[in-house]
Each structure stands twice: as structure tokens, then as C-alpha cells.
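Next up, protein_33.csv (CSV, C-alpha atoms):
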chain,number,residue,atom,x,y,z
A,193,MET,CA,104.0,55.9,-10.7
A,194,SER,CA,101.5,58.2,-9.3
A,195,LYS,CA,100.3,58.8,-12.8
A,196,PHE,CA,99.3,55.2,-13.2
A,197,LYS,CA,97.6,55.0,-9.8
A,198,LYS,CA,95.4,58.0,-10.6
A,199,LYS,CA,94.1,56.4,-13.7
A,200,LYS,CA,93.3,53.2,-11.9
A,201,SER,CA,91.3,54.8,-9.1
A,202,GLY,CA,88.5,55.7,-11.5
A,203,GLU,CA,85.4,54.2,-9.7
A,204,LEU,CA,82.4,52.6,-11.4
A,205,PRO,CA,79.9,55.4,-12.2
A,206,ALA,CA,76.7,55.0,-10.3
A,207,VAL,CA,73.7,53.8,-12.4
A,208,ASN,CA,71.5,56.8,-13.1
A,209,THR,CA,68.2,56.3,-11.4
A,210,ALA,CA,66.6,59.5,-12.5
A,211,SER,CA,64.1,57.8,-14.7
A,212,LEU,CA,63.1,55.3,-12.0
A,213,PRO,CA,60.1,57.5,-10.9
A,214,ASP,CA,58.9,57.7,-14.5
A,215,ILE,CA,58.9,54.0,-14.8
A,216,VAL,CA,57.1,53.5,-11.5
A,217,PHE,CA,54.6,56.1,-12.4
A,218,MET,CA,53.9,54.4,-15.7
A,219,LEU,CA,53.2,51.2,-13.8
A,220,LEU,CA,51.1,53.1,-11.3
A,221,PHE,CA,48.9,54.6,-13.9
A,222,PHE,CA,48.4,51.3,-15.6
A,223,PHE,CA,47.2,49.7,-12.3
A,224,MET,CA,45.1,52.8,-11.5
A,225,VAL,CA,43.3,52.5,-14.8
A,226,ALA,CA,42.9,48.7,-14.7
A,227,THR,CA,41.8,48.6,-11.1
A,228,VAL,CA,38.2,47.8,-10.3
A,229,MET,CA,37.8,48.2,-6.6
A,230,ARG,CA,36.2,45.2,-5.0
A,231,GLN,CA,32.6,45.9,-4.2
A,232,ASN,CA,32.2,43.3,-1.5
A,233,THR,CA,34.6,42.0,1.0
A,234,LEU,CA,34.4,38.2,0.6
A,235,MET,CA,33.8,36.3,3.7
A,236,ILE,CA,33.7,33.0,2.0
A,237,ASP,CA,36.0,30.8,-0.1
A,238,ASN,CA,35.3,31.6,-3.6
A,239,LYS,CA,37.1,29.4,-6.1
A,240,LEU,CA,35.2,29.6,-9.3
A,241,PRO,CA,35.0,26.6,-11.7
A,242,PHE,CA,36.4,26.6,-15.2
A,243,ALA,CA,34.3,26.7,-18.3
A,244,ASP,CA,35.0,27.7,-21.9
A,245,GLN,CA,31.5,28.4,-23.4
A,246,VAL,CA,31.3,31.8,-21.7
A,247,GLU,CA,29.7,35.1,-22.4
A,248,LYS,CA,30.9,38.4,-21.2
A,249,LEU,CA,28.9,40.5,-18.8
A,250,ASP,CA,29.3,43.9,-20.3
A,251,ARG,CA,27.5,46.4,-18.2
A,252,LYS,CA,28.7,46.1,-14.7
A,253,GLU,CA,26.0,48.4,-13.3
A,254,LEU,CA,23.4,45.9,-14.4
A,255,VAL,CA,24.8,42.9,-12.5
A,256,MET,CA,23.8,41.8,-9.1
A,257,TYR,CA,26.2,39.5,-7.3
A,258,ILE,CA,25.3,36.5,-5.2
A,259,TYR,CA,28.2,34.7,-3.6
A,260,ALA,CA,28.1,31.3,-2.1
A,261,GLY,CA,30.7,29.0,-0.5
A,262,LYS,CA,32.2,27.9,2.7
A,263,PRO,CA,33.0,30.6,5.2
A,264,SER,CA,36.7,31.4,5.0
A,265,SER,CA,39.0,30.2,7.7
A,266,ARG,CA,38.7,33.1,10.0
A,267,TYR,CA,34.9,32.9,10.0
A,268,THR,CA,34.6,29.1,10.4
A,269,GLN,CA,34.5,29.3,14.2
A,270,LYS,CA,31.6,31.6,14.2
A,271,PHE,CA,29.7,30.4,11.2
A,272,GLY,CA,30.7,26.8,10.8
A,273,SER,CA,32.0,25.1,7.7
A,274,GLU,CA,28.7,24.6,5.9
A,275,ALA,CA,28.4,26.5,2.6
A,276,ARG,CA,26.6,29.8,3.0
A,277,ILE,CA,25.3,32.6,0.9
A,278,GLN,CA,26.8,36.1,1.0
A,279,LEU,CA,24.9,39.2,-0.2
A,280,ASN,CA,26.8,42.5,-0.1
A,281,ASP,CA,29.0,42.3,2.9
A,282,LYS,CA,27.0,40.0,5.1
A,283,PHE,CA,26.2,36.3,5.4
A,284,ALA,CA,22.6,35.8,4.4
A,285,ASP,CA,19.9,33.2,4.4
A,286,VAL,CA,18.1,31.7,1.4
A,287,LYS,CA,15.0,33.7,2.3
A,288,ASP,CA,16.9,37.0,2.2
A,289,ILE,CA,17.5,36.7,-1.5
A,290,GLN,CA,14.1,38.0,-2.6
A,291,LYS,CA,14.5,41.0,-0.4
A,292,PHE,CA,18.0,41.6,-1.8
A,293,ILE,CA,16.8,41.5,-5.4
A,294,TYR,CA,14.0,43.9,-4.7
A,295,ALA,CA,16.4,46.3,-2.9
A,296,GLU,CA,18.8,46.1,-5.9
A,297,ARG,CA,16.0,46.8,-8.3
A,298,GLU,CA,15.0,49.9,-6.3
A,299,THR,CA,18.4,51.4,-7.0
A,300,LYS,CA,18.2,51.0,-10.7
A,301,ARG,CA,16.3,53.1,-13.3
A,302,GLU,CA,13.1,51.5,-14.3
A,303,GLU,CA,13.8,51.0,-17.9
A,304,LEU,CA,17.0,49.1,-17.1
A,305,ILE,CA,15.3,46.6,-14.8
A,306,PRO,CA,14.6,44.0,-17.5
A,307,TYR,CA,18.3,43.9,-18.3
A,308,LEU,CA,19.4,43.1,-14.8
A,309,THR,CA,21.4,39.9,-14.6
A,310,THR,CA,22.2,38.0,-11.5
A,311,ALA,CA,25.8,36.7,-11.4
A,312,LEU,CA,26.2,33.6,-9.3
A,313,LYS,CA,29.7,33.4,-7.9
A,314,VAL,CA,29.7,30.0,-6.3
A,315,ASP,CA,32.6,28.0,-4.9
A,316,VAL,CA,33.4,24.8,-6.7
A,317,GLU,CA,32.8,22.7,-3.6
A,318,THR,CA,29.3,23.9,-2.9
A,319,ASN,CA,26.5,21.4,-3.2
A,320,MET,CA,23.9,21.8,-5.8
A,321,GLY,CA,21.2,21.8,-3.1
A,322,LEU,CA,22.2,25.3,-2.0
A,323,VAL,CA,22.5,26.5,-5.6
A,324,SER,CA,19.1,25.2,-6.6
A,325,ASP,CA,17.6,26.9,-3.5
A,326,ILE,CA,19.1,30.1,-4.7
A,327,LYS,CA,17.7,29.5,-8.2
A,328,GLN,CA,14.3,28.8,-6.8
A,329,GLU,CA,14.3,32.1,-4.9
A,330,LEU,CA,15.4,33.9,-8.0
A,331,ARG,CA,12.5,32.4,-9.9
A,332,LYS,CA,10.1,33.6,-7.2
A,333,ALA,CA,11.6,37.1,-7.4
A,334,GLU,CA,11.3,36.9,-11.2
A,335,ALA,CA,15.0,37.5,-11.7
A,336,LEU,CA,15.3,35.0,-14.4
A,337,LYS,CA,18.5,36.1,-16.2
A,338,ILE,CA,21.4,34.5,-14.5
A,339,ASN,CA,25.0,34.0,-15.2
A,340,TYR,CA,27.2,31.3,-13.6
A,341,THR,CA,30.5,33.2,-13.3
A,342,THR,CA,33.4,31.0,-14.2
A,343,ARG,CA,37.0,31.2,-15.0
A,344,ILE,CA,38.0,30.6,-18.5
A,345,GLY,CA,39.6,27.2,-19.1
A,346,GLU,CA,39.1,23.6,-20.1
A,347,VAL,CA,36.4,21.8,-18.1
A,348,ALA,CA,39.0,19.1,-17.3
A,349,LYS,CA,40.7,21.5,-15.0
A,350,ASN,CA,37.7,21.4,-12.7
A,351,ASN,CA,38.7,18.0,-11.2
B,181,MET,CA,75.7,90.1,-1.9
B,182,ALA,CA,76.7,86.9,-3.5
B,183,LYS,CA,74.3,85.6,-6.0
B,184,ARG,CA,72.2,82.9,-4.4
B,185,SER,CA,70.4,80.3,-6.6
B,186,ALA,CA,67.1,79.0,-5.4
B,187,PRO,CA,67.7,75.6,-3.7
B,188,GLU,CA,66.5,72.7,-5.7
B,189,VAL,CA,63.7,70.5,-4.3
B,190,ASN,CA,65.1,67.1,-3.6
B,191,ALA,CA,63.2,64.7,-5.8
B,192,GLY,CA,65.0,61.6,-4.5
B,193,SER,CA,62.0,60.4,-2.5
B,194,MET,CA,59.6,60.7,-5.5
B,195,ALA,CA,60.3,57.1,-6.4
B,196,ASP,CA,59.4,56.0,-2.9
B,197,ILE,CA,56.1,57.8,-2.9
B,198,ALA,CA,55.3,56.4,-6.3
B,199,PHE,CA,56.2,52.9,-5.1
B,200,LEU,CA,54.0,53.3,-2.2
B,201,LEU,CA,51.0,54.2,-4.4
B,202,LEU,CA,51.9,51.4,-6.8
B,203,ILE,CA,51.9,48.8,-4.1
B,204,PHE,CA,48.6,50.1,-2.7
B,205,PHE,CA,47.0,49.7,-6.1
B,206,LEU,CA,48.6,46.3,-6.7
B,207,VAL,CA,47.2,45.0,-3.5
B,208,THR,CA,43.7,46.3,-4.0
B,209,THR,CA,43.4,45.3,-7.6
B,210,THR,CA,41.3,42.4,-8.5
B,211,ILE,CA,41.1,41.8,-12.2
B,212,GLU,CA,37.4,41.0,-12.0
B,213,THR,CA,36.1,37.8,-13.6
B,214,ASP,CA,32.9,38.8,-15.2
B,215,ARG,CA,32.5,36.1,-17.7
B,216,GLY,CA,30.3,33.0,-17.3
B,217,ILE,CA,27.7,30.8,-18.7
B,218,SER,CA,24.5,32.7,-19.2
B,219,ARG,CA,21.2,30.9,-18.6
B,220,LYS,CA,17.6,31.8,-18.3
B,221,LEU,CA,15.5,30.4,-15.5
B,222,PRO,CA,12.0,29.2,-16.3
B,223,PRO,CA,9.3,31.3,-14.7
B,224,ILE,CA,7.3,29.7,-12.0
B,225,GLN,CA,4.3,27.9,-13.4
B,226,ASP,CA,0.9,27.4,-11.9
B,227,GLU,CA,0.4,24.0,-10.3
B,228,ASP,CA,-2.6,23.2,-12.4
B,229,VAL,CA,-1.0,23.5,-15.8
B,230,VAL,CA,-0.7,20.1,-17.4
B,231,PRO,CA,2.8,19.6,-18.8
B,232,PRO,CA,2.7,18.7,-22.5
B,233,VAL,CA,3.3,15.1,-23.4
B,234,ILE,CA,6.7,14.6,-24.9
B,235,LYS,CA,7.8,11.4,-26.6
B,236,GLN,CA,10.4,9.5,-24.7
B,237,LYS,CA,12.8,9.4,-27.7
B,238,ASN,CA,12.9,13.2,-27.8
B,239,ILE,CA,14.3,13.4,-24.3
B,240,PHE,CA,17.9,13.0,-23.6
B,241,THR,CA,18.3,12.4,-19.9
B,242,VAL,CA,21.5,13.4,-18.1
B,243,ILE,CA,21.6,12.5,-14.4
B,244,VAL,CA,24.4,13.5,-12.1
B,245,ASN,CA,24.3,11.6,-8.8
B,246,ARG,CA,25.6,12.5,-5.4
B,247,ASN,CA,29.1,11.0,-6.2
B,248,ASN,CA,29.4,13.3,-9.2
B,249,ASP,CA,29.0,10.3,-11.6
B,250,LEU,CA,27.4,11.0,-14.9
B,251,LEU,CA,24.5,8.8,-16.2
B,252,VAL,CA,23.4,9.6,-19.7
B,253,GLU,CA,20.4,7.7,-21.1
B,254,ASP,CA,20.9,5.1,-18.3
B,255,GLN,CA,24.5,4.6,-19.3
B,256,VAL,CA,27.5,5.6,-17.3
B,257,MET,CA,29.6,8.1,-19.2
B,258,GLN,CA,32.7,10.1,-18.8
B,259,LEU,CA,32.4,13.9,-19.0
B,260,GLY,CA,34.6,14.0,-22.1
B,261,GLU,CA,32.1,12.0,-24.1
B,262,LEU,CA,29.1,14.0,-23.1
B,263,ARG,CA,29.4,16.7,-25.8
B,264,LYS,CA,29.6,14.2,-28.6
B,265,ALA,CA,26.7,12.2,-27.3
B,266,ALA,CA,24.5,15.3,-26.9
B,267,MET,CA,25.4,16.5,-30.4
B,268,ASP,CA,24.6,13.1,-31.8
B,269,PHE,CA,21.2,13.2,-30.1
B,270,LEU,CA,20.3,16.7,-31.2
B,271,ASP,CA,21.6,16.3,-34.7
B,272,ASN,CA,19.9,12.9,-35.2
B,273,GLY,CA,16.9,14.1,-37.3
B,274,GLY,CA,15.1,10.7,-37.2
B,275,GLY,CA,11.8,12.1,-38.0
B,276,VAL,CA,10.1,11.7,-41.4
B,277,GLY,CA,7.6,13.9,-43.2
B,278,GLU,CA,6.5,16.9,-41.1
B,279,ASP,CA,9.0,16.1,-38.4
B,280,GLY,CA,11.8,15.8,-40.8
B,281,CYS,CA,15.0,17.8,-40.5
B,282,SER,CA,16.6,18.8,-43.7
B,283,TYR,CA,19.8,20.2,-42.3
B,284,CYS,CA,20.6,17.4,-39.8
B,285,LYS,CA,23.7,15.4,-40.5
B,286,GLY,CA,23.1,12.8,-37.8
B,287,ALA,CA,22.5,9.0,-38.0
B,288,ARG,CA,18.7,9.4,-38.5
B,289,ASP,CA,18.1,6.7,-35.9
B,290,PRO,CA,14.4,6.4,-35.4
B,291,GLN,CA,15.0,5.6,-31.8
B,292,ALA,CA,16.5,9.0,-31.1
B,293,SER,CA,15.3,12.5,-31.5
B,294,ASP,CA,13.0,13.5,-34.4
B,295,ASN,CA,14.1,17.0,-34.9
B,296,PRO,CA,16.4,19.4,-33.0
B,297,LYS,CA,13.3,21.7,-32.5
B,298,LYS,CA,11.7,18.9,-30.5
B,299,ALA,CA,14.8,17.4,-28.8
B,300,ILE,CA,15.0,18.2,-25.1
B,301,ILE,CA,17.9,17.7,-22.9
B,302,SER,CA,16.8,17.0,-19.3
B,303,LEU,CA,19.3,17.5,-16.6
B,304,VAL,CA,18.7,16.0,-13.2
B,305,ASN,CA,21.0,16.7,-10.2
B,306,ASP,CA,21.3,15.4,-6.8
B,307,ARG,CA,21.4,17.9,-3.9
B,308,GLN,CA,24.8,16.5,-3.0
B,309,THR,CA,26.2,17.1,-6.5
B,310,GLU,CA,29.2,19.4,-6.4
B,311,TYR,CA,28.9,22.7,-8.2
B,312,ARG,CA,32.0,22.0,-10.3
B,313,THR,CA,30.5,18.9,-11.8
B,314,TYR,CA,27.3,20.8,-12.5
B,315,ILE,CA,29.2,23.6,-14.3
B,316,SER,CA,31.2,21.1,-16.3
B,317,VAL,CA,28.0,19.4,-17.5
B,318,GLN,CA,26.4,22.7,-18.3
B,319,ASN,CA,29.4,23.8,-20.2
B,320,GLU,CA,29.5,20.6,-22.3
B,321,LEU,CA,25.8,20.8,-23.1
B,322,VAL,CA,26.1,24.5,-24.1
B,323,ALA,CA,29.1,23.5,-26.1
B,324,ALA,CA,27.1,20.9,-28.0
B,325,TYR,CA,24.5,23.5,-28.9
B,326,ASN,CA,27.1,26.0,-29.9
B,327,GLU,CA,29.0,23.6,-32.1
B,328,LEU,CA,25.9,22.7,-34.0
B,329,ARG,CA,24.9,26.3,-34.3
B,330,ASN,CA,28.3,27.2,-35.5
B,331,ARG,CA,28.1,24.5,-38.2
B,332,GLU,CA,24.8,25.9,-39.5
B,333,ALA,CA,25.9,29.5,-39.2
B,334,ASN,CA,29.0,28.7,-41.2
B,335,ARG,CA,27.0,27.0,-43.9
B,336,LEU,CA,24.4,29.8,-44.2
B,337,PHE,CA,26.4,32.9,-43.4
B,338,GLY,CA,30.0,31.9,-43.5
B,339,MET,CA,30.6,32.9,-39.9
B,340,ASP,CA,30.7,31.2,-36.5
B,341,TYR,CA,27.5,31.6,-34.5
B,342,THR,CA,29.5,32.5,-31.4
B,343,GLU,CA,31.3,35.2,-33.4
B,344,MET,CA,28.0,36.5,-34.7
B,345,GLU,CA,26.6,36.8,-31.2
B,346,ALA,CA,29.7,38.5,-29.9
B,347,LYS,CA,29.5,41.0,-32.6
B,348,TYR,CA,25.8,41.5,-32.0
B,349,ASN,CA,26.4,42.3,-28.4
B,350,ASP,CA,29.4,44.5,-29.1
B,351,PRO,CA,28.3,48.1,-28.8
B,352,ASN,CA,31.1,49.3,-31.0
B,353,TYR,CA,30.2,47.0,-33.9
B,354,LYS,CA,29.8,49.0,-37.1
B,355,GLY,CA,28.0,46.5,-39.3
B,356,ASN,CA,24.3,45.9,-39.9
B,357,LYS,CA,22.9,44.8,-36.5
B,358,ASP,CA,19.3,44.2,-37.5
B,359,LYS,CA,20.4,41.8,-40.2
B,360,MET,CA,22.8,40.1,-37.8
B,361,GLY,CA,20.0,39.8,-35.2
B,362,GLU,CA,17.7,38.1,-37.8
B,363,GLN,CA,20.5,35.7,-38.8
B,364,ILE,CA,21.1,34.8,-35.2
B,365,ASP,CA,17.5,34.2,-34.6
B,366,GLN,CA,17.4,32.0,-37.7
B,367,VAL,CA,20.2,29.8,-36.4
B,368,LYS,CA,18.7,29.8,-32.9
B,369,GLU,CA,15.5,28.5,-34.4
B,370,MET,CA,17.3,25.6,-36.1
B,371,PHE,CA,18.8,24.5,-32.8
B,372,PRO,CA,16.8,25.9,-30.0
B,373,GLN,CA,18.3,25.5,-26.6
B,374,LEU,CA,15.8,23.2,-24.9
B,375,LEU,CA,17.6,22.4,-21.7
B,376,SER,CA,15.3,21.5,-18.9
B,377,GLU,CA,16.4,21.2,-15.3
B,378,ALA,CA,14.5,19.3,-12.8
B,379,GLU,CA,14.4,20.0,-9.1
B,380,PRO,CA,17.3,18.2,-7.5
B,381,LYS,CA,16.6,14.9,-5.9
B,382,GLY,CA,17.6,13.8,-2.4
B,383,SER,CA,18.2,15.8,0.7
Write out the structure in this file as C-alpha cells.
Amino acid sequence: MSKFKKKKSGELPAVNTASLPDIVFMLLFFFMVATVMRQNTLMIDNKLPFADQVEKLDRKELVMYIYAGKPSSRYTQKFGSEARIQLNDKFADVKDIQKFIYAERETKREELIPYLTTALKVDVETNMGLVSDIKQELRKAEALKINYTTRIGEVAKNN
Amino acid sequence: MAKRSAPEVNAGSMADIAFLLLIFFLVTTTIETDRGISRKLPPIQDEDVVPPVIKQKNIFTVIVNRNNDLLVEDQVMQLGELRKAAMDFLDNGGGVGEDGCSYCKGARDPQASDNPKKAIISLVNDRQTEYRTYISVQNELVAAYNELRNREANRLFGMDYTEMEAKYNDPNYKGNKDKMGEQIDQVKEMFPQLLSEAEPKGS
């Protein structure tokens, strides 16, 4: 009898997890390589619209970012719910844009300045009034190349 | 003395450490969206420059009001129809003689644009218009130009215009870039993007 019992008592062998670190490291390296650290902490809601006639912005170092949208929920008490502009890490006024552009230009090599593009990352719910104020300031600063950053998709998804 | 083997380092927590790092990178990662509609703003003009006179039939007016309604040539229109309407207008080629357009395939209606080189799309927004509507309209208008340019590029060079441009801007492209640039300019000249934006109305 004991013979039979012994045979039955064989437990399930544990799953070998020795290769688990390898798998995790593989994922880790993928994300490390694919990661672009966010340059700016967004203080606004920034839901971009959809569009499909898009061009790629290739050289990241030649892009200046201007954000606009409603202050996100934790800032609404302080800054209200009216759409605002964000430059770098701060809320800004329309009249700060020219200064911002000049400051950005200072940091770039001179021969690259004509290739600078301004990327407008504007929330879908923003009114055009603010956007055209931004555009007017950019014209004054002679930063004429702009790019309306969008997500890729059918326009019908915007509504 | 008994033979003592060196104790093995316990690697059991390696997975935990790797997971910790992985989660950190997962959280901080934003797959950046760096694509969009590129536009060029017009430079600021002197006040005393007299704007050139443009025939009314060469202007295609698109108005977006504060309720995000679309008004094209004084007709209410749905967004889905805008691309077709803009293409019909640009491709009309109603001119004769010097203003004629040999490659246009449009209706040649004398009441619409003479020539794509003269046809201007004028976009007027209200200050209360939502950005999403603006982008949708912009996208449709750019799409109208791109479709017409694609058609001509396919006829002349057997390739889409958008594809040509992508290749031209690709630093790793091996082909003849100068020739490609010339071809792009040629197509651009056939359908120049004359998209004028007025200062928004209203407050």
C-alpha cells in the first residue's frame, strides 16, 4: 500500500521563474529607449483635436511648444476656468509670448533659427479668440512657421 | 577543514528591482505626439499697402460662426461636404485664354474660379469658435489641396504628392533629392495653397 501512496504524493513542480527577470528587463529596456521625458509639466487640460492631413515634426530640438487650454482641475480655484496659455512650466499672458520666442531663439545656434517651428498644443475646447491672439503675437515676433499639433484620426472624431 | 563553497548571491529580488524600474518608466513615458498640420503665418504688413483687387468669383469664402456652424459661399454646409466643395472650386478652371487651366478637370463654370493659381480660399472665424471646429475645417481644406496635388503628381510622376514630400523630408532617403524637390515645386505651383485667414470677428 505504501508503495502506491508514495507515488501519489508527487507534488506539482513549481513554475520556473528564473527567466522572469530577463523578460522584465527586456520590457524595461524597451520603455527606456522609447521614453521621451516630458519637458513641461502640464497645468492645463490638453486634449488635442484629430486630423489626418498631418506632417511629422522631425527635429525636436527645433520646436518651441506653446500650450493652451483650461487650467486643470487642481488649478481651477487659483486660476479660474478660462482658457489660458502655458509657456514652459508657468501660466503666461498673451504678451509674454514674444519674450518667450526671443528667449528660445537665444538658446539655439544662429544658423538653425530659420528652421524653428512653433508647435501649438491647444485643447479642443479653447476658443479661437485666444488662438488668434497667440498667432498675432507670433507674427509680431516673426515666428511664422507653426504647426497645430494634433492626434491622428478622422476629423469626424472631433465632435 | 571542510571545503566551503562561496555562498551564492540570492538573485530572487532581481525581478522586483527590475519591476520597480519598469513601472517608473511606464509612468513617466509619454509617447509624444509631434505630428500636426503645418502652416505658415503671413508676415505683418504695413498699414498703407493697398491689397490687390481680387475678383469675387476667385474667392471661396468659408465662415465658421460662434456656434461652430459652417457657412460656405453663403450656404450652410456640413463638414463632410467641405472637402468636395473646395476641390470643385479649386479645380474648376473656368478661365479662358491666358487664364485657362489645361490640367483642370472641373466643371469649367464661369461663375467659379478661373484658375487654381488664382483661386483663394478665405477662412473667417468667430472668436467664440471652438478650436476643434477650426482644426477640422483646416484639415478638410488642406486635404482638398493634397488630393488635387496627389492627382497631378500621379499623372506627371506616378507618385502621390504627400509621398513625395515625405520622402523629400526624410533624411535617410537615398534617391535624387534635387530632382524630387523640383518636382514638388512643380506640383505646388499647379495648385498653390492660397489660404487666407481673416482676423476673427466678434468679441
**Study point:** Atom-to-atom span, atom CA of Asn330 of chain B and atom CA of Ile243 of chain B, Å
**Key:**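 For atom CA of Asn330 of chain B relative to atom CA of Ile243 of chain B, the distance reads 26.6 Å.
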* To do: Give me, as a VMD selection string, the contact residues of chain B against chain A at a cut-off of 9 Å, counting all atoms listed in the file.
  => chain B and resid 192 194 to 199 201 to 203 205 to 206 208 to 224 259 to 260 305 to 320 322 to 323 326 346 349 to 350 379 to 383
Do you know which residues are at most 12 Å from Gly277 of chain B counting all atoms listed in the file, after dropping those on the same chain fewer than 4 positions away, and could you put them as a list in words?
Gly273, Cys281, Ser282, Asp294 and Asn295 of chain B
Starting from the point (19.1, 31.9, -33.9), work out which residues of protein, DNA or RNA have an atom no more than 12 Å away when counting all atoms listed in the file; state them as number ranges by chain.
B: 297, 325-326, 328-330, 332-333, 336, 340-342, 344-345, 348, 359-373
If you count all atoms listed in the file, the residue of A:Ala206, A:Ile293, A:Met256, A:Ala275 closest to Asn238 of chain A turns out to be A:Ala275
